[in-house]
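A.B. asks: Quick one: the structure is below, and I'll ask about it shortly.
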Number of protein chains: 2
Amino acid sequence: MPRKPEYDRELLISRARDLFWRKGWAGTSLKDLERELNLKPGSFYAAFGSKDALYALTLERYAQEGVARLMTLADELGPLETLKRQPQAVIDVRDTPARACMLAKTYAELQSRGHDLADKASDLMVEMKHCFATLFRRAQEAGEIGSKHDADRLAARYQSDLLGLRMSAERNDVNAAEIAADIAADLDRL
Amino acid sequence: MPRKPEYDRELLISRARDLFWRKGWAGTSLKDLERELNLKPGSFYAAFGSKDALYALTLERYAQEGVARLMTLADELGPLETLKRQPQAVIDVRDTPARACMLAKTYAELQSRGHDLADKASDLMVEMKHCFATLFRRAQEAGEIGSKHDADRLAARYQSDLLGLRMSAERNDVNAAEIAADIAADLDRL
DNA sequence: GTCTTTATTGAGCGATCACTCAAGTATATA
DNA sequence: TATATACTTGAGTGATCGCTCAATAAAGAC
């Protein structure tokens with residue numbers, strides 16, 4: 001009976017994510033979204049409800065794909081090698097709209113406003129940190145790193161270093177590959 | 001002949017810096033500034049020219065005070081000890097509007113817009129990196145760390161770690177003191 | 001005092017913000 | 001084909017954005 005939408009919803013969410021990722025929350029206007037998604041205001045609101053609702057969708061997708069990519073890598077390479085490759089991997093990507101972490105950018109922009117999306121970004125960063133901790137624990141169980149270290153603490157430091165690296169990788173005065181290599185090298189000393 | 005302004009310009013710049021630092025560029029409206037600085041629009045524009053011009057002033061002041069604080073510390077403690085204390089110092093502060101670096105926040109928010117303030121923030125981060133490199137070089141000359149390392153590379157990594165730490169310190173699920181201690185501990189292994 | 005010069009005031013500018021909604025259009029079912 | 005049910009369209013909402021400017025007030029020079 002009804003009419004079907006002309007757009008591919010999944011594709012639209014990906015495109016919106018890239019736009020939000022690159023330009024931020026305040027930096028992305030409805031006009032920008034309408035242009036990028038080829039959607040008139042009415043269609044946009046029928047499809048997604050609000051700018052914030054779509055932003056939340058894109059955040060979830062961003063985090064979910066990040067976790068999936070990491071865990072796939074871990075199945076192939078094992079925990080330590082995955083952790084060692086991740087720094088180079090996150091700055092290597094060519095088709096990504098930004099080097100910096102979208103969760104961190106969102107949190108930095110919206111935390112002081114007390115915006116719900118900052119809490120969501122925070123939750124997703126916690127989830128990501130748990131993934132890192134799991135890999136550190138597995139590396140310990142496999143005897144790849146010393147068992148005396150606190151995996152949660154290692155994960156927090158590792159995530160912090162990655163955030164710094166990805167922020168630094170946006171700058172053109174910084175040799176991010178060197179920093180990535182040094183972060184990876186530190187893991188061998190554990 | 002003329003009339004003197006009723007406000008303390010230096011104080012106003014500091015207050016504006018704190019507001020921008022906490023809420024960001026887009027997150028701080030002229031209404032916010034007028035309220036915080038107790039200035040009507042006309043006075044504001046007579047005094048500072050524009051929101052962006054004032055933001056630039058606050059960025060310069062922020063960086064200048066950061067450099068001054070670091071160099072003062074270096075005169076007291078020497079280069080290596082200064083570098084080791086800085087991580088804890090930047091997250092310890094009580095009276096500061098945010099833990100994250102204002103330069104990094106500005107760059108992250110405005111780079112994709114191609115905004116002049118992003119370039120200015122970038123320049124100031126380069127300046128800060130040079131300070132770190134100078135301290136690493138002095139530490140090498142004093143024999144506090146090995147001479148085989150590239151001081152510029154150490155500085156880039158160190159700054160990156162600090163950026164990550166300061167971003168992480170905004171989160172309440174992260175024990176920033178532990179990360180700060182680990183960053184400092186790494187310096188002893190050089 | 002008068003004059004000159006600058007600071008202060010606040011209404012209001014055009015532009016843009018996120019968003020709404022009534023009207024028009026296309027499609028699956030009956 | 002007729003009807004019901006969405007989807008699409010775009011002009012337009014009130015609110016807020018950064019900012020302007022003419023009017024008014026205050027203070028030093030004479």
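In the structure tokens, chains take letters A, B, ... by order of appearance, with residues numbered from 1 within each chain and ligands from 1 in the order shown.
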Residues of chain A near chain C: apply a cut-off of 12 Å, count only C-alpha atoms (C1' of nucleotides), and supply the list as number ranges by chain.
C.D. replies: A: 1-6, 26-33, 40-46, 49-52
A.B. asks: Go ahead and write the selection's residues with N, CA and C atoms as a PDB file, in the first residue's frame.
C.D. replies:
ATOM      1  N   MET A   1       0.795  -1.217   0.000  1.00  0.00           N
ATOM      2  CA  MET A   1       0.000   0.000   0.000  1.00  0.00           C
ATOM      3  C   MET A   1       0.837   1.280   0.000  1.00  0.00           C
ATOM      4  N   PRO A   2       1.892   1.297   0.830  1.00  0.00           N
ATOM      5  CA  PRO A   2       2.583   2.595   0.933  1.00  0.00           C
ATOM      6  C   PRO A   2       3.608   2.750  -0.166  1.00  0.00           C
ATOM      7  N   ARG A   3       4.201   3.890  -0.123  1.00  0.00           N
ATOM      8  CA  ARG A   3       5.242   4.182  -1.098  1.00  0.00           C
ATOM      9  C   ARG A   3       6.610   3.937  -0.443  1.00  0.00           C
ATOM     10  N   LYS A   4       7.561   3.461  -1.185  1.00  0.00           N
ATOM     11  CA  LYS A   4       8.871   3.180  -0.603  1.00  0.00           C
ATOM     12  C   LYS A   4       9.798   4.395  -0.723  1.00  0.00           C
ATOM     13  N   PRO A   5      10.659   4.572   0.271  1.00  0.00           N
ATOM     14  CA  PRO A   5      11.605   5.690   0.191  1.00  0.00           C
ATOM     15  C   PRO A   5      12.540   5.513  -0.995  1.00  0.00           C
ATOM     16  N   GLU A   6      12.977   6.652  -1.527  1.00  0.00           N
ATOM     17  CA  GLU A   6      13.872   6.586  -2.683  1.00  0.00           C
ATOM     18  C   GLU A   6      15.326   6.419  -2.292  1.00  0.00           C
ATOM     19  N   ALA A  26      28.203  21.349  15.830  1.00  0.00           N
ATOM     20  CA  ALA A  26      27.768  22.712  15.526  1.00  0.00           C
ATOM     21  C   ALA A  26      28.169  23.103  14.106  1.00  0.00           C
ATOM     22  N   GLY A  27      29.242  22.521  13.616  1.00  0.00           N
ATOM     23  CA  GLY A  27      29.750  22.884  12.306  1.00  0.00           C
ATOM     24  C   GLY A  27      28.967  22.298  11.145  1.00  0.00           C
ATOM     25  N   THR A  28      28.064  21.380  11.451  1.00  0.00           N
ATOM     26  CA  THR A  28      27.244  20.762  10.413  1.00  0.00           C
ATOM     27  C   THR A  28      25.815  21.263  10.519  1.00  0.00           C
ATOM     28  N   SER A  29      25.380  22.031   9.539  1.00  0.00           N
ATOM     29  CA  SER A  29      24.023  22.583   9.562  1.00  0.00           C
ATOM     30  C   SER A  29      23.065  21.651   8.836  1.00  0.00           C
ATOM     31  N   LEU A  30      21.773  21.866   9.079  1.00  0.00           N
ATOM     32  CA  LEU A  30      20.765  21.089   8.365  1.00  0.00           C
ATOM     33  C   LEU A  30      20.914  21.285   6.861  1.00  0.00           C
ATOM     34  N   LYS A  31      21.291  22.474   6.474  1.00  0.00           N
ATOM     35  CA  LYS A  31      21.500  22.740   5.052  1.00  0.00           C
ATOM     36  C   LYS A  31      22.623  21.854   4.506  1.00  0.00           C
ATOM     37  N   ASP A  32      23.700  21.730   5.261  1.00  0.00           N
ATOM     38  CA  ASP A  32      24.794  20.837   4.867  1.00  0.00           C
ATOM     39  C   ASP A  32      24.281  19.413   4.684  1.00  0.00           C
ATOM     40  N   LEU A  33      23.505  18.955   5.660  1.00  0.00           N
ATOM     41  CA  LEU A  33      22.985  17.586   5.617  1.00  0.00           C
ATOM     42  C   LEU A  33      22.043  17.398   4.434  1.00  0.00           C
ATOM     43  N   LYS A  40      15.176  16.844   1.204  1.00  0.00           N
ATOM     44  CA  LYS A  40      14.532  18.089   1.624  1.00  0.00           C
ATOM     45  C   LYS A  40      14.176  17.981   3.107  1.00  0.00           C
ATOM     46  N   PRO A  41      13.998  19.152   3.769  1.00  0.00           N
ATOM     47  CA  PRO A  41      13.762  19.131   5.225  1.00  0.00           C
ATOM     48  C   PRO A  41      12.700  18.126   5.648  1.00  0.00           C
ATOM     49  N   GLY A  42      11.578  18.122   4.942  1.00  0.00           N
ATOM     50  CA  GLY A  42      10.485  17.220   5.309  1.00  0.00           C
ATOM     51  C   GLY A  42      10.917  15.771   5.311  1.00  0.00           C
ATOM     52  N   SER A  43      11.612  15.368   4.254  1.00  0.00           N
ATOM     53  CA  SER A  43      12.088  13.984   4.163  1.00  0.00           C
ATOM     54  C   SER A  43      13.078  13.677   5.265  1.00  0.00           C
ATOM     55  N   PHE A  44      13.952  14.648   5.518  1.00  0.00           N
ATOM     56  CA  PHE A  44      14.964  14.457   6.552  1.00  0.00           C
ATOM     57  C   PHE A  44      14.313  14.152   7.896  1.00  0.00           C
ATOM     58  N   TYR A  45      13.329  14.969   8.252  1.00  0.00           N
ATOM     59  CA  TYR A  45      12.727  14.796   9.578  1.00  0.00           C
ATOM     60  C   TYR A  45      11.821  13.573   9.643  1.00  0.00           C
ATOM     61  N   ALA A  46      11.229  13.232   8.505  1.00  0.00           N
ATOM     62  CA  ALA A  46      10.452  11.989   8.462  1.00  0.00           C
ATOM     63  C   ALA A  46      11.371  10.783   8.650  1.00  0.00           C
ATOM     64  N   GLY A  49      14.050  12.161  12.348  1.00  0.00           N
ATOM     65  CA  GLY A  49      13.497  12.783  13.543  1.00  0.00           C
ATOM     66  C   GLY A  49      14.114  14.114  13.899  1.00  0.00           C
ATOM     67  N   SER A  50      15.429  14.144  13.956  1.00  0.00           N
ATOM     68  CA  SER A  50      16.109  15.392  14.281  1.00  0.00           C
ATOM     69  C   SER A  50      17.592  15.259  13.942  1.00  0.00           C
ATOM     70  N   LYS A  51      18.271  16.374  13.911  1.00  0.00           N
ATOM     71  CA  LYS A  51      19.715  16.376  13.698  1.00  0.00           C
ATOM     72  C   LYS A  51      20.419  15.553  14.770  1.00  0.00           C
ATOM     73  N   ASP A  52      20.008  15.744  16.025  1.00  0.00           N
ATOM     74  CA  ASP A  52      20.650  15.019  17.124  1.00  0.00           C
ATOM     75  C   ASP A  52      20.397  13.513  17.047  1.00  0.00           C
TER      76      ASP A  52
END
A.B. asks: Once you count only C-alpha atoms, which residues of chain A turn out to be within 8 Å of chain B? Could you give them as JSON, numbers by chain?
C.D. replies: {"A": [22, 23, 24, 26, 27, 104, 105, 108, 109, 112, 113, 122, 126, 153, 156, 157, 160, 161, 162, 163, 164, 165, 167, 168, 171, 173, 174, 175, 178, 179, 182]}
A.B. asks: For the residues in that selection, give me N, CA and C atoms as an mmCIF file, in the first residue's frame.
C.D. replies:
data_model
loop_
_atom_site.group_PDB
_atom_site.id
_atom_site.type_symbol
_atom_site.label_atom_id
_atom_site.label_comp_id
_atom_site.auth_asym_id
_atom_site.auth_seq_id
_atom_site.Cartn_x
_atom_site.Cartn_y
_atom_site.Cartn_z
ATOM 1 N N ARG A 22 33.790 15.044 10.226
ATOM 2 C CA ARG A 22 34.716 16.052 9.725
ATOM 3 C C ARG A 22 34.419 17.439 10.279
ATOM 4 N N LYS A 23 33.162 17.816 10.274
ATOM 5 C CA LYS A 23 32.827 19.212 10.591
ATOM 6 C C LYS A 23 32.300 19.416 12.009
ATOM 7 N N GLY A 24 32.053 18.348 12.735
ATOM 8 C CA GLY A 24 31.574 18.504 14.105
ATOM 9 C C GLY A 24 30.067 18.717 14.179
ATOM 10 N N ALA A 26 28.203 21.349 15.830
ATOM 11 C CA ALA A 26 27.768 22.712 15.526
ATOM 12 C C ALA A 26 28.169 23.103 14.106
ATOM 13 N N GLY A 27 29.242 22.521 13.616
ATOM 14 C CA GLY A 27 29.750 22.884 12.306
ATOM 15 C C GLY A 27 28.967 22.298 11.145
ATOM 16 N N ALA A 104 35.934 11.254 20.497
ATOM 17 C CA ALA A 104 36.665 12.259 21.266
ATOM 18 C C ALA A 104 36.288 13.667 20.826
ATOM 19 N N LYS A 105 36.160 13.861 19.514
ATOM 20 C CA LYS A 105 35.771 15.180 19.016
ATOM 21 C C LYS A 105 34.394 15.564 19.528
ATOM 22 N N ALA A 108 34.604 16.338 23.274
ATOM 23 C CA ALA A 108 35.267 17.621 23.523
ATOM 24 C C ALA A 108 34.354 18.796 23.196
ATOM 25 N N GLU A 109 33.573 18.633 22.131
ATOM 26 C CA GLU A 109 32.724 19.747 21.706
ATOM 27 C C GLU A 109 31.501 19.920 22.596
ATOM 28 N N SER A 112 30.823 20.316 27.690
ATOM 29 C CA SER A 112 30.570 21.508 28.505
ATOM 30 C C SER A 112 29.145 22.015 28.341
ATOM 31 N N ARG A 113 28.490 21.602 27.270
ATOM 32 C CA ARG A 113 27.088 21.995 27.093
ATOM 33 C C ARG A 113 26.150 21.074 27.865
ATOM 34 N N SER A 122 30.888 9.350 25.442
ATOM 35 C CA SER A 122 31.651 8.859 26.590
ATOM 36 C C SER A 122 31.423 7.364 26.794
ATOM 37 N N VAL A 126 34.175 4.297 26.621
ATOM 38 C CA VAL A 126 34.357 3.303 27.683
ATOM 39 C C VAL A 126 34.326 1.898 27.079
ATOM 40 N N ARG A 153 44.633 -0.529 33.388
ATOM 41 C CA ARG A 153 45.510 0.652 33.376
ATOM 42 C C ARG A 153 46.258 0.765 32.056
ATOM 43 N N ALA A 156 43.824 2.101 29.516
ATOM 44 C CA ALA A 156 43.540 3.538 29.652
ATOM 45 C C ALA A 156 44.683 4.362 29.055
ATOM 46 N N ARG A 157 45.899 3.959 29.354
ATOM 47 C CA ARG A 157 47.059 4.674 28.818
ATOM 48 C C ARG A 157 47.112 4.528 27.300
ATOM 49 N N SER A 160 44.497 6.622 25.664
ATOM 50 C CA SER A 160 44.904 8.028 25.766
ATOM 51 C C SER A 160 45.955 8.365 24.714
ATOM 52 N N ASP A 161 46.935 7.483 24.566
ATOM 53 C CA ASP A 161 47.976 7.696 23.561
ATOM 54 C C ASP A 161 47.392 7.701 22.154
ATOM 55 N N LEU A 162 46.434 6.815 21.917
ATOM 56 C CA LEU A 162 45.801 6.781 20.601
ATOM 57 C C LEU A 162 45.037 8.064 20.319
ATOM 58 N N LEU A 163 44.335 8.583 21.330
ATOM 59 C CA LEU A 163 43.613 9.845 21.151
ATOM 60 C C LEU A 163 44.587 10.962 20.793
ATOM 61 N N GLY A 164 45.711 10.997 21.510
ATOM 62 C CA GLY A 164 46.724 12.003 21.217
ATOM 63 C C GLY A 164 47.302 11.833 19.828
ATOM 64 N N LEU A 165 47.601 10.605 19.487
ATOM 65 C CA LEU A 165 48.145 10.325 18.156
ATOM 66 C C LEU A 165 47.201 10.784 17.058
ATOM 67 N N MET A 167 44.769 12.923 17.201
ATOM 68 C CA MET A 167 44.697 14.386 17.189
ATOM 69 C C MET A 167 45.931 14.941 16.484
ATOM 70 N N SER A 168 47.092 14.423 16.848
ATOM 71 C CA SER A 168 48.348 14.904 16.253
ATOM 72 C C SER A 168 48.390 14.655 14.755
ATOM 73 N N ARG A 171 47.504 17.305 12.279
ATOM 74 C CA ARG A 171 48.407 18.434 12.074
ATOM 75 C C ARG A 171 49.421 18.090 10.985
ATOM 76 N N ASP A 173 52.405 19.527 10.799
ATOM 77 C CA ASP A 173 53.772 19.725 11.272
ATOM 78 C C ASP A 173 54.266 18.521 12.064
ATOM 79 N N VAL A 174 53.418 17.495 12.160
ATOM 80 C CA VAL A 174 53.744 16.349 13.003
ATOM 81 C C VAL A 174 53.937 15.105 12.136
ATOM 82 N N ASN A 175 55.000 14.353 12.415
ATOM 83 C CA ASN A 175 55.228 13.071 11.764
ATOM 84 C C ASN A 175 54.508 11.992 12.573
ATOM 85 N N GLU A 178 55.919 8.345 12.991
ATOM 86 C CA GLU A 178 56.949 8.157 14.016
ATOM 87 C C GLU A 178 56.324 7.940 15.388
ATOM 88 N N ILE A 179 55.328 8.753 15.695
ATOM 89 C CA ILE A 179 54.658 8.612 16.987
ATOM 90 C C ILE A 179 53.988 7.242 17.085
ATOM 91 N N ASP A 182 56.497 4.643 17.785
ATOM 92 C CA ASP A 182 56.984 4.703 19.160
ATOM 93 C C ASP A 182 55.969 4.130 20.146
#
A.B. asks: Using only C-alpha atoms (C1' of nucleotides), I'd like every residue of chain D that has an atom within 9 Å of chain B; please write them out as a ChimeraX atom specification.
C.D. replies: /D:17-21,26-29
A.B. asks: As number ranges by chain, please: every residue in chain B that a backbone DSSP assignment puts in alpha helix (DSSP H).
C.D. replies: B: 9-23, 30-37, 41-48, 51-77, 79-92, 102-110, 116-141, 151-168, 176-187
A.B. asks: So the first atom is atom CA of A:Cys131 and the second is atom CA of A:Ala181; what is the distance between them in Å, to one decimal place?
C.D. replies: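 According to the coordinates, atom CA of A:Cys131 and atom CA of A:Ala181 are separated by 21.0 Å.
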A.B. asks: Tell me, in Å to one decimal, how far atom CA of A:Leu80 is from atom CA of A:Glu65.
C.D. replies: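 Atom CA of A:Glu65 lies 20.3 Å from atom CA of A:Leu80.
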